[in-house]
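**Q** Data file entry.txt (compact mmCIF, C-alpha atoms and all ligand atoms) is appended below.
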# COMPACT_ATOMS: atom_id res chain seq x y z
CA MET A 1 8.69 -19.93 -31.24
CA ALA A 2 9.52 -19.67 -27.53
CA SER A 3 8.43 -16.05 -27.22
CA TRP A 4 7.23 -13.25 -29.45
CA LEU A 5 8.90 -10.73 -27.18
CA ALA A 6 12.20 -9.07 -27.91
CA LYS A 7 15.01 -10.62 -25.89
CA HIS A 8 15.15 -7.85 -23.30
CA ALA A 9 11.41 -8.13 -22.63
CA GLN A 10 11.26 -11.89 -22.14
CA GLY A 11 10.64 -13.62 -18.82
CA LYS A 12 9.19 -10.58 -17.07
CA VAL A 13 6.33 -11.21 -14.65
CA PHE A 14 4.74 -8.47 -12.60
CA VAL A 15 4.57 -9.41 -8.95
CA ASP A 16 2.28 -7.20 -6.89
CA GLU A 17 3.68 -7.59 -3.40
CA VAL A 18 0.53 -6.48 -1.65
CA PHE A 19 -2.02 -8.11 -3.96
CA ASP A 20 -2.33 -11.22 -1.88
CA ALA A 21 -2.60 -9.24 1.37
CA VAL A 22 -5.22 -6.89 -0.07
CA ALA A 23 -7.33 -9.85 -1.21
CA ALA A 24 -7.02 -11.48 2.23
CA VAL A 25 -8.03 -8.22 3.95
CA GLY A 26 -11.14 -8.03 1.75
CA LYS A 27 -12.11 -11.58 2.64
CA ALA A 28 -11.55 -11.10 6.38
CA THR A 29 -13.50 -7.83 6.39
CA ALA A 30 -16.46 -9.45 4.64
CA GLN A 31 -16.38 -12.33 7.10
CA HIS A 32 -15.66 -10.59 10.43
CA GLY A 33 -16.47 -6.91 9.87
CA LYS A 34 -14.07 -3.98 9.53
CA ALA A 35 -13.79 -3.41 13.28
CA GLN A 36 -12.17 -6.82 13.74
CA VAL A 37 -9.54 -6.39 11.04
CA VAL A 38 -6.19 -4.61 11.29
CA ASN A 39 -5.17 -3.60 7.80
CA ALA A 40 -1.52 -2.55 8.02
CA THR A 41 -0.82 -3.28 4.35
CA ILE A 42 -1.85 0.04 2.78
CA GLY A 43 0.86 2.41 1.53
CA ALA A 44 -1.30 5.52 1.74
CA LEU A 45 -2.37 7.82 4.54
CA CYS A 46 -5.72 6.92 6.11
CA ASP A 47 -7.66 8.72 8.83
CA GLU A 48 -8.99 7.28 12.06
CA ASP A 49 -12.05 5.97 10.15
CA GLU A 50 -9.63 4.12 7.88
CA LYS A 51 -10.57 6.28 4.90
CA LEU A 52 -7.99 7.57 2.42
CA VAL A 53 -6.93 11.10 3.31
CA PHE A 54 -7.23 13.79 0.65
CA LEU A 55 -5.82 16.92 2.29
CA PRO A 56 -8.87 19.24 2.31
CA THR A 57 -7.12 22.33 0.97
CA VAL A 58 -5.45 20.35 -1.82
CA GLU A 59 -8.84 18.88 -2.69
CA ARG A 60 -10.52 22.31 -2.71
CA VAL A 61 -7.88 23.84 -5.00
CA PHE A 62 -7.89 20.79 -7.28
CA ARG A 63 -11.69 20.72 -7.61
CA GLY A 64 -11.82 24.48 -8.12
CA LEU A 65 -9.64 24.45 -11.24
CA PRO A 66 -11.25 25.70 -14.46
CA GLY A 67 -11.98 23.08 -17.08
CA GLU A 68 -9.15 24.10 -19.38
CA GLU A 69 -6.60 23.60 -16.61
CA ILE A 70 -7.79 20.01 -16.31
CA ALA A 71 -8.33 19.19 -19.98
CA ALA A 72 -5.32 20.86 -21.59
CA TYR A 73 -1.92 19.28 -22.07
CA GLY A 74 0.77 20.10 -19.57
CA SER A 75 4.09 20.99 -21.18
CA VAL A 76 6.75 18.33 -21.75
CA ARG A 77 9.16 19.74 -19.18
CA GLY A 78 6.30 20.75 -16.85
CA LEU A 79 4.65 24.10 -16.08
CA PRO A 80 7.34 26.57 -14.95
CA GLU A 81 5.26 27.62 -11.90
CA TYR A 82 4.97 23.97 -10.90
CA LEU A 83 8.68 23.37 -11.28
CA SER A 84 9.61 26.36 -9.16
CA ALA A 85 7.04 25.29 -6.52
CA ALA A 86 8.48 21.75 -6.49
CA ILE A 87 11.97 23.20 -5.98
CA GLU A 88 10.70 25.46 -3.17
CA GLN A 89 8.86 22.61 -1.48
CA THR A 90 11.93 20.40 -1.73
CA PHE A 91 14.59 22.73 -0.36
CA GLN A 92 12.70 25.35 1.67
CA ASN A 93 15.41 27.07 3.76
CA SER A 94 18.11 24.56 2.84
CA ARG A 95 18.91 25.47 -0.75
CA PRO A 96 22.48 24.47 -1.53
CA ASP A 97 24.76 27.08 -3.05
CA ALA A 98 24.59 25.49 -6.52
CA TYR A 99 22.53 25.60 -9.71
CA ILE A 100 19.20 23.81 -9.47
CA GLU A 101 16.88 22.71 -12.28
CA ALA A 102 13.74 20.57 -12.33
CA VAL A 103 11.86 18.46 -14.83
CA ALA A 104 8.31 17.20 -14.19
CA THR A 105 8.01 13.43 -13.98
CA ALA A 106 5.31 10.79 -13.55
CA GLY A 107 5.51 10.73 -9.76
CA GLY A 108 8.65 9.89 -7.84
CA THR A 109 8.70 6.65 -9.82
CA GLY A 110 9.11 8.59 -13.06
CA ALA A 111 11.88 10.66 -11.49
CA ILE A 112 13.77 7.53 -10.48
CA HIS A 113 13.30 5.94 -13.90
CA ASN A 114 14.37 9.13 -15.63
CA LEU A 115 17.57 9.34 -13.60
CA LEU A 116 18.45 5.65 -13.96
CA TRP A 117 17.95 5.81 -17.71
CA ASN A 118 20.12 8.87 -18.18
CA TYR A 119 22.85 8.37 -15.57
CA SER A 120 23.64 4.65 -15.63
CA ASN A 121 24.80 2.49 -18.51
CA ILE A 122 23.20 -0.71 -19.70
CA GLY A 123 24.58 -3.54 -17.56
CA ASP A 124 25.61 -1.22 -14.72
CA ALA A 125 25.09 -1.91 -11.06
CA VAL A 126 23.03 0.65 -9.15
CA LEU A 127 23.55 0.83 -5.42
CA THR A 128 20.97 1.22 -2.65
CA HIS A 129 20.36 0.04 0.93
CA ASP A 130 19.33 -3.57 1.58
CA TRP A 131 16.08 -2.39 3.15
CA HIS A 132 14.40 -0.56 0.29
CA TRP A 133 11.24 0.16 -1.64
CA GLN A 134 10.97 -2.97 -3.76
CA PRO A 135 10.27 -1.29 -7.14
CA TYR A 136 13.87 0.00 -7.25
CA SER A 137 14.83 -3.47 -8.33
CA VAL A 138 12.46 -3.72 -11.29
CA LEU A 139 13.07 -0.09 -12.23
CA CYS A 140 16.66 -1.21 -12.76
CA SER A 141 16.09 -4.60 -14.33
CA ASP A 142 13.46 -3.32 -16.77
CA ILE A 143 16.10 -1.13 -18.39
CA MET A 144 18.89 -3.69 -18.10
CA ARG A 145 20.61 -2.36 -14.99
CA ARG A 146 20.89 -4.36 -11.80
CA LEU A 147 20.35 -3.32 -8.23
CA GLU A 148 23.04 -4.05 -5.66
CA THR A 149 22.75 -3.32 -1.98
CA PHE A 150 24.80 -2.37 1.06
CA SER A 151 23.75 -3.11 4.65
CA PHE A 152 21.69 -0.15 5.80
CA PHE A 153 22.31 -0.80 9.49
CA ASP A 154 25.25 -2.14 11.45
CA GLU A 155 24.96 -4.43 14.47
CA LYS A 156 24.15 -1.43 16.66
CA ARG A 157 21.34 -0.54 14.27
CA GLN A 158 23.11 2.59 13.15
CA PHE A 159 23.69 3.71 9.58
CA ASN A 160 26.32 1.35 8.22
CA ILE A 161 28.86 3.68 6.68
CA ASN A 162 31.46 0.93 6.38
CA SER A 163 29.22 -1.24 4.29
CA PHE A 164 28.32 1.78 2.16
CA ALA A 165 31.97 2.73 1.63
CA GLN A 166 33.01 -0.81 0.87
CA LYS A 167 30.24 -1.33 -1.68
CA VAL A 168 30.86 1.99 -3.44
CA SER A 169 34.55 1.17 -3.71
CA GLU A 170 33.91 -2.38 -4.94
CA LEU A 171 31.48 -1.28 -7.64
CA LEU A 172 33.70 1.55 -8.83
CA THR A 173 36.46 -0.92 -9.56
CA LYS A 174 34.08 -2.52 -12.08
CA GLN A 175 32.46 0.56 -13.64
CA ASP A 176 33.39 4.21 -14.01
CA ASN A 177 30.11 5.74 -12.91
CA LEU A 178 27.85 4.61 -10.13
CA VAL A 179 24.28 5.65 -9.39
CA VAL A 180 23.51 5.53 -5.67
CA ILE A 181 19.92 5.78 -4.41
CA LEU A 182 19.35 6.86 -0.82
CA ASN A 183 15.77 7.07 0.43
CA THR A 184 15.62 9.54 3.29
CA PRO A 185 14.12 11.12 5.37
CA ASN A 186 11.48 8.70 6.63
CA HIS A 187 12.79 5.80 4.62
CA ASN A 188 10.39 3.18 3.29
CA PRO A 189 10.03 0.65 4.93
CA THR A 190 11.85 1.48 8.17
CA GLY A 191 11.09 5.15 8.88
CA TYR A 192 14.82 5.83 9.38
CA SER A 193 16.22 9.26 8.48
CA LEU A 194 19.92 9.70 7.87
CA THR A 195 21.30 12.06 10.52
CA ASP A 196 23.47 15.04 9.67
CA SER A 197 26.50 13.06 10.74
CA ASP A 198 25.44 10.08 8.59
CA TRP A 199 25.29 12.56 5.72
CA ASP A 200 28.74 13.93 6.48
CA GLN A 201 30.11 10.41 6.29
CA VAL A 202 28.25 9.65 3.05
CA ILE A 203 29.60 12.81 1.47
CA THR A 204 33.12 12.06 2.62
CA VAL A 205 32.91 8.61 1.02
CA ILE A 206 31.52 9.81 -2.28
CA ASN A 207 33.96 12.73 -2.49
CA GLN A 208 36.85 10.33 -1.85
CA GLN A 209 35.63 7.76 -4.36
CA ALA A 210 34.52 10.05 -7.18
CA VAL A 211 37.95 11.03 -8.43
CA GLY A 212 39.89 10.74 -11.68
CA GLN A 213 37.92 8.61 -14.12
CA LYS A 214 35.33 7.70 -11.51
CA SER A 215 32.05 9.51 -10.95
CA ILE A 216 29.01 9.11 -8.74
CA THR A 217 25.43 10.17 -9.31
CA LEU A 218 23.57 10.42 -6.03
CA LEU A 219 19.78 10.22 -6.17
CA VAL A 220 17.97 11.13 -2.97
CA ASP A 221 14.45 9.76 -2.92
CA ILE A 222 12.51 12.20 -0.72
CA ALA A 223 9.03 10.71 -1.24
CA TYR A 224 8.16 10.96 2.49
CA ILE A 225 10.00 14.16 3.44
CA ASP A 226 6.89 16.19 4.21
CA TYR A 227 5.99 13.97 7.14
CA ALA A 228 9.21 14.62 9.04
CA PRO A 229 8.59 16.21 12.45
CA ASN A 230 10.91 19.14 11.76
CA ALA A 231 10.75 20.53 8.23
CA GLU A 232 13.89 22.60 8.74
CA ALA A 233 16.12 19.98 10.37
CA CYS A 234 15.18 17.20 7.94
CA ARG A 235 16.35 19.33 5.00
CA ARG A 236 19.65 20.47 6.45
CA PHE A 237 21.59 17.80 4.57
CA MET A 238 20.69 19.49 1.29
CA THR A 239 22.98 22.45 1.98
CA LYS A 240 25.89 20.01 1.98
CA PHE A 241 25.40 19.45 -1.75
CA ALA A 242 27.38 22.65 -2.30
CA TYR A 243 30.51 20.84 -1.11
CA LEU A 244 30.79 17.93 -3.50
CA SER A 245 33.61 16.75 -5.69
CA PRO A 246 33.17 17.92 -9.32
CA ASN A 247 32.78 14.21 -10.14
CA VAL A 248 29.52 13.96 -8.17
CA PHE A 249 26.12 14.80 -9.62
CA VAL A 250 23.13 15.02 -7.28
CA ALA A 251 19.44 14.68 -8.03
CA LEU A 252 16.34 14.49 -5.87
CA ALA A 253 13.16 12.57 -6.65
CA PHE A 254 10.23 14.76 -5.58
CA SER A 255 6.70 13.37 -5.40
CA MET A 256 3.24 14.89 -4.86
CA SER A 257 1.84 11.46 -3.96
CA LYS A 258 2.36 11.50 -0.19
CA GLY A 259 3.02 15.15 0.64
CA PHE A 260 -0.03 16.39 -1.29
CA THR A 261 -2.04 13.13 -1.16
CA LEU A 262 -2.33 13.16 -4.96
CA TYR A 263 -1.09 9.60 -5.50
CA GLY A 264 -3.21 8.89 -8.58
CA GLN A 265 -2.40 12.14 -10.35
CA ARG A 266 1.14 10.82 -10.93
CA MET A 267 3.01 14.06 -10.35
CA GLY A 268 6.62 14.35 -9.38
CA ALA A 269 9.84 16.01 -10.42
CA LEU A 270 13.45 15.13 -10.95
CA ILE A 271 15.53 17.93 -9.50
CA GLY A 272 19.19 18.26 -10.47
CA VAL A 273 21.79 20.05 -8.35
CA SER A 274 25.23 21.02 -9.59
CA LYS A 275 27.87 23.73 -9.38
CA ASP A 276 28.47 23.12 -13.07
CA LYS A 277 25.99 24.98 -15.24
CA ALA A 278 26.80 22.86 -18.30
CA ALA A 279 26.15 19.64 -16.35
CA LEU A 280 22.76 20.97 -15.40
CA ALA A 281 21.89 22.02 -18.96
CA GLU A 282 22.78 18.50 -20.07
CA PHE A 283 20.60 17.13 -17.24
CA VAL A 284 17.59 19.11 -18.45
CA ASN A 285 18.09 18.20 -22.10
CA ALA A 286 18.43 14.47 -21.50
CA SER A 287 15.64 14.36 -18.91
CA VAL A 288 13.16 16.23 -21.08
CA ILE A 289 13.75 13.79 -23.92
CA THR A 290 12.99 10.93 -21.55
CA CYS A 291 9.78 12.71 -20.47
CA ARG A 292 8.80 13.19 -24.11
CA THR A 293 9.32 9.58 -25.01
CA ARG A 294 7.94 7.91 -21.87
CA TRP A 295 4.78 9.91 -21.15
CA SER A 296 4.95 13.05 -23.34
CA ASN A 297 3.50 15.28 -20.68
CA LEU A 298 1.67 15.02 -17.39
CA SER A 299 -1.37 16.07 -15.39
CA ARG A 300 -1.78 19.80 -15.86
CA ALA A 301 -4.38 19.76 -13.07
CA ALA A 302 -1.91 18.43 -10.50
CA MET A 303 0.78 20.89 -11.61
CA ARG A 304 -1.68 23.77 -11.51
CA THR A 305 -2.89 22.71 -8.05
CA MET A 306 0.65 22.90 -6.70
CA ALA A 307 1.24 26.23 -8.48
CA GLU A 308 -2.00 27.71 -7.05
CA ILE A 309 -1.10 26.58 -3.54
CA TYR A 310 2.32 28.15 -3.86
CA LYS A 311 0.88 31.41 -5.20
CA ASP A 312 -1.04 32.01 -1.98
CA PRO A 313 0.91 31.86 1.30
CA ALA A 314 -2.33 31.32 3.26
CA LEU A 315 -3.16 28.22 1.19
CA LEU A 316 0.36 26.91 1.59
CA GLN A 317 0.17 27.40 5.33
CA GLN A 318 -3.18 25.62 5.45
CA VAL A 319 -1.86 22.62 3.52
CA GLY A 320 1.10 22.53 5.89
CA ASN A 321 -1.16 22.62 8.94
CA GLU A 322 -3.41 19.87 7.62
CA ARG A 323 -0.44 17.70 6.77
CA SER A 324 1.17 18.31 10.16
CA ALA A 325 -1.98 17.16 11.91
CA TYR A 326 -1.78 13.85 10.06
CA ALA A 327 1.96 13.57 10.67
CA GLY A 328 1.14 13.96 14.37
CA LEU A 329 -1.47 11.25 14.10
CA MET A 330 1.04 8.87 12.51
CA ALA A 331 3.52 9.70 15.24
CA ALA A 332 0.87 8.84 17.84
CA ARG A 333 0.17 5.51 16.14
CA ALA A 334 3.87 4.70 15.88
CA LYS A 335 4.42 5.66 19.52
CA VAL A 336 1.90 3.09 20.69
CA PHE A 337 3.64 0.43 18.63
CA VAL A 338 7.16 1.40 19.63
CA GLU A 339 6.40 1.54 23.35
CA GLU A 340 4.55 -1.76 23.32
CA ALA A 341 7.29 -3.34 21.20
CA LYS A 342 9.85 -2.43 23.84
CA THR A 343 7.70 -4.02 26.55
CA ALA A 344 7.18 -7.11 24.39
CA ASN A 345 10.90 -7.33 23.62
CA LEU A 346 10.13 -7.05 19.94
CA GLU A 347 12.94 -5.79 17.78
CA PHE A 348 12.10 -3.12 15.20
CA LEU A 349 14.30 -1.08 12.88
CA PRO A 350 15.16 2.51 13.84
CA TYR A 351 12.09 4.64 13.16
CA SER A 352 12.10 8.43 13.15
CA ALA A 353 8.86 9.17 11.26
CA GLY A 354 6.94 8.17 8.18
CA PHE A 355 4.43 5.72 6.86
CA PHE A 356 5.92 2.39 7.99
CA VAL A 357 7.55 0.59 10.88
CA THR A 358 9.54 -2.56 10.13
CA VAL A 359 10.13 -5.60 12.29
CA PRO A 360 13.06 -7.71 11.11
CA CYS A 361 12.43 -11.43 11.37
CA ALA A 362 13.66 -14.78 10.14
CA SER A 363 10.47 -16.05 8.49
CA PRO A 364 8.39 -13.09 7.34
CA VAL A 365 5.83 -15.08 5.35
CA THR A 366 5.18 -17.54 8.18
CA SER A 367 4.96 -14.71 10.73
CA SER A 368 2.55 -12.84 8.47
CA ASP A 369 0.43 -15.99 8.09
CA ILE A 370 0.28 -16.38 11.87
CA LEU A 371 -0.89 -12.77 12.21
CA ARG A 372 -3.58 -13.37 9.62
CA GLN A 373 -5.14 -15.91 11.94
CA SER A 374 -5.85 -12.93 14.24
CA ASN A 375 -7.11 -10.83 11.32
CA ILE A 376 -3.95 -8.75 11.33
CA PHE A 377 -2.55 -8.03 7.89
CA VAL A 378 0.98 -6.77 7.29
CA VAL A 379 3.30 -6.96 4.28
CA PRO A 380 5.96 -9.70 4.49
CA MET A 381 9.21 -8.47 2.94
CA ALA A 382 12.43 -10.37 2.29
CA LYS A 383 13.79 -9.87 5.80
CA GLY A 384 10.92 -8.56 7.87
CA LEU A 385 7.36 -7.36 8.28
CA ARG A 386 6.23 -3.93 7.10
CA ILE A 387 3.57 -2.36 9.29
CA ALA A 388 1.74 0.62 7.79
CA VAL A 389 1.23 3.11 10.59
CA CYS A 390 -0.12 5.43 7.92
CA ALA A 391 -3.24 3.31 7.70
CA VAL A 392 -4.03 1.83 11.12
CA PRO A 393 -6.06 3.95 13.56
CA VAL A 394 -4.61 4.56 17.01
CA ARG A 395 -7.21 2.34 18.69
CA LYS A 396 -6.10 -0.62 16.58
CA MET A 397 -2.41 -0.05 17.34
CA TYR A 398 -2.92 -1.15 20.94
CA GLY A 399 -1.92 -4.79 21.37
CA LEU A 400 -0.46 -5.00 17.87
CA ALA A 401 3.20 -5.18 18.90
CA GLU A 402 2.47 -8.01 21.32
CA LYS A 403 0.69 -9.96 18.56
CA VAL A 404 3.58 -9.34 16.17
CA ALA A 405 6.05 -10.48 18.83
CA GLN A 406 4.13 -13.71 19.27
CA ALA A 407 3.97 -14.26 15.52
CA VAL A 408 7.70 -13.66 15.08
CA GLN A 409 8.46 -16.07 17.92
CA GLY A 410 5.89 -18.58 16.70
CA ALA A 411 7.42 -18.62 13.25
CA CYS A 412 10.91 -19.07 14.63
CA PRO A 413 10.68 -20.31 18.25
CA THR A 414 14.42 -20.86 18.56
CA ARG A 415 15.18 -17.16 18.23
C1 LIG B 501 10.35 5.07 -1.26
C2 LIG B 501 9.42 5.50 -2.34
N1 LIG B 501 9.93 6.20 -3.35
C3 LIG B 501 9.18 6.61 -4.36
C4 LIG B 501 7.83 6.33 -4.39
C5 LIG B 501 7.12 6.80 -5.61
O1 LIG B 501 5.88 7.26 -5.46
P1 LIG B 501 5.11 7.95 -6.66
O2 LIG B 501 5.59 7.38 -7.92
O3 LIG B 501 3.68 7.67 -6.39
O4 LIG B 501 5.43 9.41 -6.55
C6 LIG B 501 7.24 5.59 -3.36
C7 LIG B 501 5.83 5.23 -3.36
O5 LIG B 501 5.33 4.45 -2.62
C8 LIG B 501 8.08 5.17 -2.29
O6 LIG B 501 7.60 4.46 -1.27
Can you turn what I pasted into structure tokens?
Ligand SMILES: Cc1ncc(COP(=O)(O)O)c(C=O)c1O

**A**
Amino acid sequence: MASWLAKHAQGKVFVDEVFDAVAAVGKATAQHGKAQVVNATIGALCDEDEKLVFLPTVERVFRGLPGEEIAAYGSVRGLPEYLSAAIEQTFQNSRPDAYIEAVATAGGTGAIHNLLWNYSNIGDAVLTHDWHWQPYSVLCSDIMRRLETFSFFDEKRQFNINSFAQKVSELLTKQDNLVVILNTPNHNPTGYSLTDSDWDQVITVINQQAVGQKSITLLVDIAYIDYAPNAEACRRFMTKFAYLSPNVFVALAFSMSKGFTLYGQRMGALIGVSKDKAALAEFVNASVITCRTRWSNLSRAAMRTMAEIYKDPALLQQVGNERSAYAGLMAARAKVFVEEAKTANLEFLPYSAGFFVTVPCASPVTSSDILRQSNIFVVPMAKGLRIAVCAVPVRKMYGLAEKVAQAVQGACPTR
């Protein structure tokens, strides 16, 4: 027998993209000491001592929960106070004039899975940008969908609306409904945020394409939204969701991982937005069934933590202040890199804020290997190097762009 697995489960191999880098960092640190190693592989916020950040107020509320709020089941849909807090945190002053409902999910990942399962058909293409968080691909393939991409940037390194429009149109000739995932603001891995005018263009395209038999489900992955420099401006696009064709359904993937530094608690929410009350009722019903069957229910402690923070404006303000301080720190780290990159003539993708800066290059693995010789560890991606400004202290950012420039050149001297 070739395989005991059912046909759809055969041939799957989990590839941990950072496993190799993490192992190499460990080895270099043991050999040369932490001070000599630049670890730009981590996808979590670290302080200037390179320790994982747990926002102090979040930690205090979490640790102060009574035992029963930790031990008891959460509800399948999620605690109502949590869901309303997640909606508040997501939209703030930019609530679209539409119905909004939320369902608790296992992190942003669970939200994405939940939406893909319920809004795309087996065999469908799902569309996202060519630069993207790698798990989108396996989230699709695991449930027999396939990920297709459009070019995120044009030759001027601006949002490539033509590529987006062309791809949406092409895919809608082959299928009646299309799920589109856009990761913004503070996109992973580039740090790009769609501007208001990018959004206007996106909405024009989807309104034009989602007509007659054709429909579009737009999923906005906002995993990094809370680190945008202007909480108000970065949410303005959400008000535009009141002006969509009736053939467009919108959802947002909310996550407590980055914004509340609760990565391991696996808390998120899938938030549906529609002018059509029946469409939203259907959204809740289908999503809750997926929650029930995939994980049953989730961390009550994480949901209660969020609810407690939202109950007390002073706590909420404190969390916001603590987070802003770290967002400022990341901005300072990125600024060093960006300024030095310009001096070193090193190309990088448009960065507005967020955890990562990306350098496009022809031979990412070779460039990454060259950097390793200087004890600098980054994540090689398909078309570039991902540099985690969330994890590298300011002092270690100095000189990094120059080293990356040399490695990119060294790997491909003809460039
Ligand atoms: C772009 C993006 N979306 C979603 C997630 C999901 O995070 P989680 O499942 O921890 O909420 C991540 C995590 O790294 C991410 O980078």

**Q** Once you count all atoms listed in the file, which residues end up within 7 Å of ligand LIG 501 (chain B), and could you hand them over as a list in words?

**A**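 The residues near ligand LIG 501 (chain B) are Gly43, Ala106, Gly107, Gly108, Thr109, Gly110, Trp133, Asn183, His187, Asn188, Asp221, Ala223, Ser255, Met256, Ser257, Tyr263, Arg266, Met267 and Gly268 of chain A.
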
**Q** In Å to one decimal, how far is atom CA of A:Phe91 from atom CA of A:Val179?

**A**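 So the answer is 21.6 Å.
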
**Q** Name the closest residue to A:Val25 among the candidates A:Phe377, A:Glu232, A:Thr293, A:Pro393; distances are taken between atoms, counting only C-alpha atoms.

**A** A:Phe377

**Q** What is the distance, in Å and to one decimal place, between atom CA of A:Pro66 and atom CA of A:Leu316?

**A**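 That distance, rounded to one decimal, is 19.8 Å.
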
**Q** Grab the atom CA of A:Gly384 to atom CA of A:Pro364 distance for me, in Å with one decimal place.

**A**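 Going from atom CA of A:Gly384 over to atom CA of A:Pro364 covers 5.2 Å.
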
**Q** Can you pull out the residues contacting A:Lys403? Cut-off 10 Å, using all atoms listed in the file, and skip same-chain residues under 2 positions away; I want them as a PyMOL selection string.

**A** chain A and resi 341+344+346+370-371+374+376+398-401+405-409

**Q** Pick from A:Ala301, A:Ala233, A:Ala411, A:Val220: nearest to A:Cys361, with only C-alpha atoms counted?

**A**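 Among the listed residues, A:Ala411 lies closest to A:Cys361.
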
**Q** At most 8 Å from (27.7, 1.7, 3.3), file frame, only C-alpha atoms: which residues, as a list in words?

**A**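 These residues have at least one counted atom within 8 Å: His129, Phe150, Ser151, Phe152, Phe159, Asn160, Ile161, Asn162, Ser163, Phe164, Ala165, Gln166, Lys167, Val168 and Val202 of chain A.
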
**Q** Padding 3 Å on each side, edges along x, y and z: where is the centre of the box around the listed atoms of stretch 148-160 of chain A, and how long are its edges in Å to one decimal? Output it as lines of an AutoDock Vina configuration file.

**A**
center_x = 23.8
center_y = -0.4
center_z = 5.5
size_x = 11.0
size_y = 14.1
size_z = 28.3

**Q** Would you list the contacts of A:Lys240 as a ChimeraX atom specification, taking every protein, DNA or RNA residue within 12 Å and counting only C-alpha atoms, but skipping same-chain residues closer than 5 positions in sequence?

**A** /A:91,94-98,196-204,207,235,245,250,273-274

**Q** Quick one: residues within 9 Å of (-4.3, 16.4, -12.1) (file frame), counting all atoms listed in the file, please, as an NGL selection string.

**A** :A and (62 or 69-70 or 262 or 264-267 or 298-305)

**Q** Tell me, as a ChimeraX atom specification, which residues lie within 12 Å of A:Lys258, counting all atoms listed in the file; anything in the same chain fewer than 6 positions away does not count.

**A** /A:43-46,52-55,58,107-108,186,222-228,264-268,323,326-327,354-355,390

**Q** When distances are computed from all atoms listed in the file, which of A:Ile289, A:Asn375, A:Lys277, A:Pro380 shows the smallest separation from A:Asn39?

**A**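 Of A:Ile289, A:Asn375, A:Lys277, A:Pro380, the one nearest A:Asn39, counting all atoms listed in the file, is A:Asn375.
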
**Q** Of the candidates A:Thr190, A:Asp154, A:Leu270, A:Ala332, which shows the shortest atom-to-atom distance to A:Tyr351, using only C-alpha atoms?

**A**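 Checking each candidate against A:Tyr351, we get A:Thr190 as the closest.
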
**Q** Because some atoms of stretch 118-130 of chain A are absent here, can you restore N, CA and C atoms and send them as a CSV table (one decimal), keeping the file's coordinate frame?

**A**
chain,number,residue,atom,x,y,z
A,118,ASN,N,19.2,7.9,-17.7
A,118,ASN,CA,20.1,8.9,-18.2
A,118,ASN,C,21.5,8.9,-17.5
A,119,TYR,N,21.6,8.3,-16.3
A,119,TYR,CA,22.8,8.4,-15.6
A,119,TYR,C,23.5,7.0,-15.3
A,120,SER,N,22.9,5.9,-15.7
A,120,SER,CA,23.6,4.6,-15.6
A,120,SER,C,23.7,4.0,-17.0
A,121,ASN,N,24.7,3.2,-17.2
A,121,ASN,CA,24.8,2.5,-18.5
A,121,ASN,C,24.1,1.1,-18.5
A,122,ILE,N,23.8,0.6,-19.6
A,122,ILE,CA,23.2,-0.7,-19.7
A,122,ILE,C,24.2,-1.7,-19.1
A,123,GLY,N,23.7,-2.6,-18.2
A,123,GLY,CA,24.6,-3.5,-17.6
A,123,GLY,C,25.2,-3.1,-16.2
A,124,ASP,N,25.0,-1.8,-16.0
A,124,ASP,CA,25.6,-1.2,-14.7
A,124,ASP,C,24.9,-1.7,-13.5
A,125,ALA,N,25.7,-1.7,-12.4
A,125,ALA,CA,25.1,-1.9,-11.1
A,125,ALA,C,24.6,-0.5,-10.6
A,126,VAL,N,23.5,-0.5,-9.8
A,126,VAL,CA,23.0,0.6,-9.2
A,126,VAL,C,23.0,0.3,-7.7
A,127,LEU,N,23.4,1.2,-6.8
A,127,LEU,CA,23.6,0.8,-5.4
A,127,LEU,C,22.5,1.5,-4.6
A,128,THR,N,21.9,0.7,-3.7
A,128,THR,CA,21.0,1.2,-2.6
A,128,THR,C,21.1,0.4,-1.4
A,129,HIS,N,20.3,0.7,-0.3
A,129,HIS,CA,20.4,0.0,0.9
A,129,HIS,C,19.6,-1.3,0.8
A,130,ASP,N,20.0,-2.3,1.7
A,130,ASP,CA,19.3,-3.6,1.6
A,130,ASP,C,17.8,-3.5,1.9
